[in-house]
Amino acid sequence: MNCYNFKNFCQSMLKRLNLLFYNQGKVVGEMEQEEDKIKQALLKKALGYSASETVEEFSIDEEGNKKLSKKKVTKKHYSPDISAVKVLLERYYKTYEERVLSMSDDELKLEKTRLENILKGEVDGN
């Protein structure tokens with residue numbers, strides 16, 4: 001392989017790698033957006049929500065055209081769902097133990113001091 005062909009080969013590979021990394025970044029961004037949508041839907045279901053439901057009835061007039069004869073709008077309330085709460089907590093929120101395990105030594109010392117102050121009654125636990 002001469003220098004010219006090698007240079008073309010390298011440029012071609014570089015273009016392919018750039019395209020690959022661009023596409024991977026795009027896919028990762030899309031996945032993060034989808035993950036955010038899932039989290040929002042779970043949160044909505046976990047907290048409960050209200051929604052409007054519309055039922056429309058049509059009839060055919062004497063000319064053969066469809067005509068709206070009845071329209072009923074009802075507001076429906078969906079209660080909080082405990083299974084959505086469970087999934088949300090398991091998937092998105094760290095337990096206290098997990099947070100402590102990921103703390104640095106300095107953070108652990110601060111947390112120890114905070115807990116001691118709560119036990120002494122000097123600081124509110126909230």
# chains A, B, ... in the order shown; residues from 1 in each chain; ligands from 1
call {"tool": "residues_around", "arguments": {"residues": "Ser52 in chain A", "least_positions_apart": "4", "cutoff": "9 Å", "atoms": "only C-alpha atoms", "output": "ChimeraX atom specification"}}
result
/A:73-77
call {"tool": "atom_distance", "arguments": {"atom1": "CA of Ala46 in chain A", "atom2": "CA of Tyr93 in chain A"}}
result
13.9 Å
call {"tool": "atom_distance", "arguments": {"atom1": "CA of Leu47 in chain A", "atom2": "CA of Pro80 in chain A"}}
result
4.8 Å
call {"tool": "closest_residue", "arguments": {"among": "A:Glu116, A:Arg91, A:Leu42, A:Lys71", "to": "Glu57 in chain A", "atoms": "only C-alpha atoms"}}
result
A:Lys71
call {"tool": "select_by_dssp", "arguments": {"residues": "range 15-126 of chain A", "states": "strand (DSSP E)", "output": "JSON, numbers by chain"}}
result
{"A": [49, 50, 51, 52, 53, 54, 55, 56, 57, 58, 59, 60, 66, 67, 68, 69, 70, 71, 72, 73, 74, 75, 76, 77, 78]}
call {"tool": "residues_around", "arguments": {"residues": "range 86-89 of chain A", "least_positions_apart": "3", "cutoff": "9 Å", "atoms": "only C-alpha atoms", "output": "PyMOL selection string"}}
result
chain A and resi 39+42-43+46+81-83+92-95
call {"tool": "write_last_selection", "arguments": {"atoms": "C-alpha atoms", "output": "tab-separated table (two decimals), in the first residue's frame"}}
result
chain	number	residue	atom	x	y	z
A	39	LYS	CA	-39.72	8.55	34.77
A	42	LEU	CA	-44.15	6.64	36.50
A	43	LEU	CA	-44.21	9.72	38.70
A	46	ALA	CA	-47.38	7.04	41.42
A	81	ASP	CA	-50.51	3.37	42.22
A	82	ILE	CA	-48.30	1.66	44.80
A	83	SER	CA	-46.55	-0.53	42.22
A	92	TYR	CA	-34.38	6.04	40.40
A	93	TYR	CA	-33.73	6.75	44.07
A	94	LYS	CA	-30.79	5.58	46.10
A	95	THR	CA	-31.33	4.14	49.53
call {"tool": "residues_around", "arguments": {"residues": "Lys67 in chain A", "least_positions_apart": "4", "cutoff": "6 Å", "atoms": "only C-alpha atoms", "output": "ChimeraX atom specification"}}
result
/A:58-60
call {"tool": "closest_residue", "arguments": {"among": "A:Ser12, A:Glu34, A:Val100, A:Gln40", "to": "Lys112 in chain A", "atoms": "only C-alpha atoms"}}
result
A:Val100
call {"tool": "decode", "arguments": {"residues": "range 16-110 of chain A", "atoms": "C-alpha atoms", "output": "short mmCIF file (atom, residue, chain, number, x, y, z; two decimals), in the first residue's frame"}}
result
data_model
loop_
_atom_site.label_atom_id
_atom_site.label_comp_id
_atom_site.auth_asym_id
_atom_site.auth_seq_id
_atom_site.Cartn_x
_atom_site.Cartn_y
_atom_site.Cartn_z
CA ARG A 16 -16.52 6.46 9.65
CA LEU A 17 -15.42 6.75 13.28
CA ASN A 18 -16.70 10.33 13.50
CA LEU A 19 -20.03 9.23 12.05
CA LEU A 20 -20.17 6.29 14.46
CA PHE A 21 -19.46 8.49 17.50
CA TYR A 22 -21.96 11.09 16.30
CA ASN A 23 -24.65 8.44 15.90
CA GLN A 24 -23.85 6.89 19.28
CA GLY A 25 -24.12 10.30 20.92
CA LYS A 26 -27.43 10.86 19.18
CA VAL A 27 -28.72 7.46 20.31
CA VAL A 28 -27.57 8.10 23.88
CA GLY A 29 -29.35 11.47 23.86
CA GLU A 30 -32.53 9.87 22.56
CA MET A 31 -32.29 7.13 25.18
CA GLU A 32 -31.95 9.75 27.93
CA GLN A 33 -35.04 11.54 26.61
CA GLU A 34 -36.99 8.27 26.59
CA GLU A 35 -35.79 7.47 30.10
CA ASP A 36 -36.98 10.90 31.25
CA LYS A 37 -40.40 10.29 29.65
CA ILE A 38 -40.65 6.94 31.45
CA LYS A 39 -39.72 8.55 34.77
CA GLN A 40 -42.33 11.30 34.30
CA ALA A 41 -45.03 8.73 33.44
CA LEU A 42 -44.15 6.64 36.50
CA LEU A 43 -44.21 9.72 38.70
CA LYS A 44 -47.62 10.72 37.34
CA LYS A 45 -49.01 7.23 37.98
CA ALA A 46 -47.38 7.04 41.42
CA LEU A 47 -48.92 10.33 42.56
CA GLY A 48 -52.31 9.87 40.91
CA TYR A 49 -53.82 12.17 38.32
CA SER A 50 -57.05 13.37 36.75
CA ALA A 51 -57.91 13.13 33.07
CA SER A 52 -60.81 14.14 30.87
CA GLU A 53 -62.54 11.49 28.83
CA THR A 54 -64.66 12.50 25.84
CA VAL A 55 -67.31 10.27 24.28
CA GLU A 56 -68.90 11.46 21.04
CA GLU A 57 -71.95 9.96 19.34
CA PHE A 58 -72.67 10.66 15.71
CA SER A 59 -75.84 10.23 13.72
CA ILE A 60 -76.49 10.47 10.01
CA ASP A 61 -78.70 13.31 8.85
CA GLU A 62 -81.16 13.16 5.95
CA GLU A 63 -78.41 14.09 3.46
CA GLY A 64 -76.24 11.15 4.56
CA ASN A 65 -73.62 13.23 6.39
CA LYS A 66 -72.30 12.40 9.84
CA LYS A 67 -73.51 14.83 12.47
CA LEU A 68 -72.47 15.07 16.11
CA SER A 69 -75.53 14.23 18.17
CA LYS A 70 -74.11 13.78 21.69
CA LYS A 71 -70.85 14.75 23.34
CA LYS A 72 -70.13 13.68 26.89
CA VAL A 73 -67.04 14.90 28.74
CA THR A 74 -66.26 13.27 32.07
CA LYS A 75 -63.40 13.98 34.39
CA LYS A 76 -61.87 10.80 35.74
CA HIS A 77 -59.51 10.55 38.70
CA TYR A 78 -56.88 7.81 38.82
CA SER A 79 -55.67 6.99 42.34
CA PRO A 80 -51.98 6.72 43.19
CA ASP A 81 -50.51 3.37 42.22
CA ILE A 82 -48.30 1.66 44.80
CA SER A 83 -46.55 -0.53 42.22
CA ALA A 84 -45.49 2.61 40.31
CA VAL A 85 -44.14 4.04 43.57
CA LYS A 86 -42.15 0.84 44.14
CA VAL A 87 -40.66 0.84 40.62
CA LEU A 88 -39.81 4.54 40.91
CA LEU A 89 -38.03 4.06 44.22
CA GLU A 90 -36.15 0.94 43.12
CA ARG A 91 -35.06 2.36 39.80
CA TYR A 92 -34.38 6.04 40.40
CA TYR A 93 -33.73 6.75 44.07
CA LYS A 94 -30.79 5.58 46.10
CA THR A 95 -31.33 4.14 49.53
CA TYR A 96 -29.54 5.73 52.46
CA GLU A 97 -27.15 2.76 52.55
CA GLU A 98 -26.24 3.24 48.87
CA ARG A 99 -25.64 6.95 49.44
CA VAL A 100 -23.39 6.24 52.42
CA LEU A 101 -21.41 3.64 50.48
CA SER A 102 -20.71 6.16 47.71
CA MET A 103 -19.58 8.94 50.11
CA SER A 104 -15.98 10.06 50.42
CA ASP A 105 -14.24 10.11 53.82
CA ASP A 106 -14.87 13.84 54.22
CA GLU A 107 -18.55 13.43 53.34
CA LEU A 108 -18.83 10.59 55.88
CA LYS A 109 -17.35 12.80 58.61
CA LEU A 110 -19.85 15.55 57.78
#
